[in-house]
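Undergrad: Sharing a structure below in structure tokens format, with a few things to ask.
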Amino acid sequence: MYRSGKRRSGSHFTVFLRANQMPQSRFGFSIKKALGGAVVRNRIRRRIREIVRCHRLEIPAGWDVVIHPKSAAASAPFATLTAELLRLLQSA
């Protein structure tokens, strides 16, 4: 995934994309321990999952996606995270 796919970066996320030849996209999240304790990491994970769930139809189909949040994602407003993640995923 990391070697053969595309990489897109923003101020809150790094997104890795690779075509999967399927009718839908699949998502994975990798939140490193350096971002904070379990409560902080789980909050980031829940927010990313909610963005993907609410905007599933706006995200192009046929991609495997791994999302790596950066430390700024922990304190950013939800609307900012949504806008940036959708922008990164639209460039697939």
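In the structure tokens, each chain is lettered A, B, ... as it comes, each chain's residues begin at 1, and ligands are numbered from 1 in order of appearance.
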Give the helix (DSSP H, G or I) residues of stretch 10-82 of chain A, as assigned by DSSP on the backbone, as a PyMOL selection string.
TA: chain A and resi 33-35+38-54+56-58+71-74+78-82
Undergrad: Got time to write the residues from that selection, N, CA, C and O atoms, as a compact mmCIF listing (two decimals), in the first residue's frame?
TA:
# COMPACT_ATOMS: atom_id res chain seq x y z
N LYS A 33 0.79 6.28 18.47
CA LYS A 33 0.74 6.60 19.90
C LYS A 33 1.30 7.98 20.22
O LYS A 33 0.98 8.55 21.26
N ALA A 34 2.12 8.52 19.36
CA ALA A 34 2.72 9.83 19.60
C ALA A 34 1.67 10.95 19.60
O ALA A 34 1.94 12.04 20.08
N LEU A 35 0.48 10.67 19.06
CA LEU A 35 -0.57 11.69 19.01
C LEU A 35 -1.21 11.93 20.37
O LEU A 35 -1.88 12.93 20.56
N ALA A 38 -4.89 7.05 24.85
CA ALA A 38 -5.96 6.30 24.20
C ALA A 38 -7.21 7.14 23.97
O ALA A 38 -7.86 7.01 22.93
N VAL A 39 -7.53 8.01 24.90
CA VAL A 39 -8.73 8.85 24.76
C VAL A 39 -8.59 9.77 23.56
O VAL A 39 -9.51 9.91 22.75
N VAL A 40 -7.44 10.38 23.42
CA VAL A 40 -7.20 11.30 22.29
C VAL A 40 -7.20 10.55 20.98
O VAL A 40 -7.83 10.97 20.00
N ARG A 41 -6.52 9.41 20.93
CA ARG A 41 -6.46 8.63 19.69
C ARG A 41 -7.83 8.12 19.29
O ARG A 41 -8.19 8.15 18.10
N ASN A 42 -8.62 7.66 20.25
CA ASN A 42 -9.96 7.18 19.93
C ASN A 42 -10.87 8.30 19.45
O ASN A 42 -11.71 8.10 18.58
N ARG A 43 -10.70 9.49 20.01
CA ARG A 43 -11.50 10.63 19.56
C ARG A 43 -11.18 10.97 18.11
O ARG A 43 -12.07 11.21 17.30
N ILE A 44 -9.89 10.98 17.77
CA ILE A 44 -9.48 11.23 16.38
C ILE A 44 -10.07 10.16 15.47
O ILE A 44 -10.62 10.46 14.40
N ARG A 45 -9.98 8.90 15.87
CA ARG A 45 -10.51 7.79 15.08
C ARG A 45 -12.02 7.91 14.86
O ARG A 45 -12.51 7.73 13.75
N ARG A 46 -12.75 8.26 15.91
CA ARG A 46 -14.21 8.44 15.78
C ARG A 46 -14.56 9.57 14.82
O ARG A 46 -15.49 9.46 14.02
N ARG A 47 -13.81 10.66 14.90
CA ARG A 47 -14.08 11.80 14.02
C ARG A 47 -13.81 11.44 12.56
O ARG A 47 -14.60 11.80 11.67
N ILE A 48 -12.73 10.74 12.29
CA ILE A 48 -12.42 10.35 10.91
C ILE A 48 -13.48 9.38 10.38
O ILE A 48 -13.95 9.50 9.25
N ARG A 49 -13.87 8.41 11.21
CA ARG A 49 -14.91 7.46 10.80
C ARG A 49 -16.21 8.17 10.46
O ARG A 49 -16.90 7.81 9.51
N GLU A 50 -16.55 9.18 11.25
CA GLU A 50 -17.79 9.92 11.01
C GLU A 50 -17.72 10.71 9.71
O GLU A 50 -18.70 10.79 8.97
N ILE A 51 -16.58 11.29 9.41
CA ILE A 51 -16.42 12.00 8.13
C ILE A 51 -16.63 11.04 6.97
O ILE A 51 -17.36 11.33 6.03
N VAL A 52 -15.99 9.88 7.04
CA VAL A 52 -16.12 8.89 5.96
C VAL A 52 -17.56 8.40 5.86
O VAL A 52 -18.11 8.28 4.77
N ARG A 53 -18.21 8.14 6.98
CA ARG A 53 -19.59 7.65 6.97
C ARG A 53 -20.56 8.67 6.37
O ARG A 53 -21.40 8.32 5.54
N CYS A 54 -20.42 9.92 6.74
CA CYS A 54 -21.35 10.95 6.28
C CYS A 54 -21.13 11.34 4.82
O CYS A 54 -22.07 11.79 4.16
N ARG A 56 -19.73 9.32 2.32
CA ARG A 56 -19.40 8.12 1.55
C ARG A 56 -19.69 8.29 0.06
O ARG A 56 -18.94 7.84 -0.80
N LEU A 57 -20.80 8.97 -0.28
CA LEU A 57 -21.18 9.12 -1.67
C LEU A 57 -20.33 10.15 -2.41
O LEU A 57 -20.24 10.11 -3.64
N GLU A 58 -19.69 11.06 -1.69
CA GLU A 58 -18.84 12.07 -2.31
C GLU A 58 -17.42 11.56 -2.56
O GLU A 58 -16.67 12.18 -3.30
N SER A 71 -0.68 15.46 14.30
CA SER A 71 -0.99 15.93 15.65
C SER A 71 -1.98 17.09 15.65
O SER A 71 -2.73 17.26 16.61
N ALA A 72 -2.02 17.89 14.60
CA ALA A 72 -2.95 19.01 14.52
C ALA A 72 -4.41 18.55 14.45
O ALA A 72 -5.32 19.31 14.77
N ALA A 73 -4.64 17.31 14.05
CA ALA A 73 -6.01 16.80 13.92
C ALA A 73 -6.71 16.66 15.27
O ALA A 73 -7.94 16.68 15.34
N ALA A 74 -5.95 16.53 16.34
CA ALA A 74 -6.55 16.34 17.66
C ALA A 74 -7.32 17.56 18.13
O ALA A 74 -8.34 17.44 18.81
N PHE A 78 -14.15 20.19 13.65
CA PHE A 78 -14.64 19.09 12.82
C PHE A 78 -14.83 19.53 11.37
O PHE A 78 -14.50 18.79 10.44
N ALA A 79 -15.33 20.74 11.15
CA ALA A 79 -15.57 21.23 9.79
C ALA A 79 -14.25 21.36 9.01
O ALA A 79 -14.21 21.06 7.81
N THR A 80 -13.21 21.77 9.68
CA THR A 80 -11.90 21.89 9.04
C THR A 80 -11.38 20.51 8.63
O THR A 80 -10.86 20.34 7.52
N LEU A 81 -11.51 19.55 9.53
CA LEU A 81 -11.07 18.19 9.22
C LEU A 81 -11.86 17.62 8.04
O LEU A 81 -11.29 16.99 7.14
N THR A 82 -13.15 17.85 8.05
CA THR A 82 -14.01 17.34 6.97
C THR A 82 -13.59 17.92 5.63
O THR A 82 -13.41 17.19 4.65
Undergrad: Just how far from atom CA of A:Ala61 is atom CA of A:Glu84, in Å to one decimal?
TA: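 About the pair atom CA of A:Glu84 and atom CA of A:Ala61: they are 18.3 Å apart.
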Undergrad: Which parts of stretch 25-89 of chain A does DSSP call strand (DSSP E or B) when run on the backbone here, written out as a list in words?
TA: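 Taking stretch 25-89 of chain A and keeping strand (DSSP E or B) gives Arg26, Phe27, Gly28, Phe29, Trp63, Asp64, Val65, Val66, Ile67, His68 and Pro69 of chain A.
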Undergrad: Write the selection just made, keeping C-alpha atoms, as a compact mmCIF listing (two decimals), in the first residue's frame?
TA:
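Result written to part05.txt:
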# COMPACT_ATOMS: atom_id res chain seq x y z
CA ARG A 26 -12.15 0.59 1.55
CA PHE A 27 -10.75 2.63 4.42
CA GLY A 28 -8.14 2.07 7.10
CA PHE A 29 -6.93 4.38 9.84
CA TRP A 63 -9.76 2.88 -3.92
CA ASP A 64 -8.04 1.43 -0.89
CA VAL A 65 -7.38 4.33 1.46
CA VAL A 66 -5.20 4.52 4.58
CA ILE A 67 -5.51 7.74 6.59
CA HIS A 68 -2.73 8.92 8.92
CA PRO A 69 -3.80 11.90 11.04
Undergrad: Pick out the closest residue to A:Met22 from this set: A:Pro77, A:Arg3, A:Gly62, A:Leu89. Count only C-alpha atoms.
TA: A:Gly62
Undergrad: Go through A:Ser30, A:Ser75, A:Gln24, A:Gln90 and flag the residue nearest A:His12, using only C-alpha atoms for the distances.
TA: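 So, comparing all the options, the nearest one is A:Ser75.
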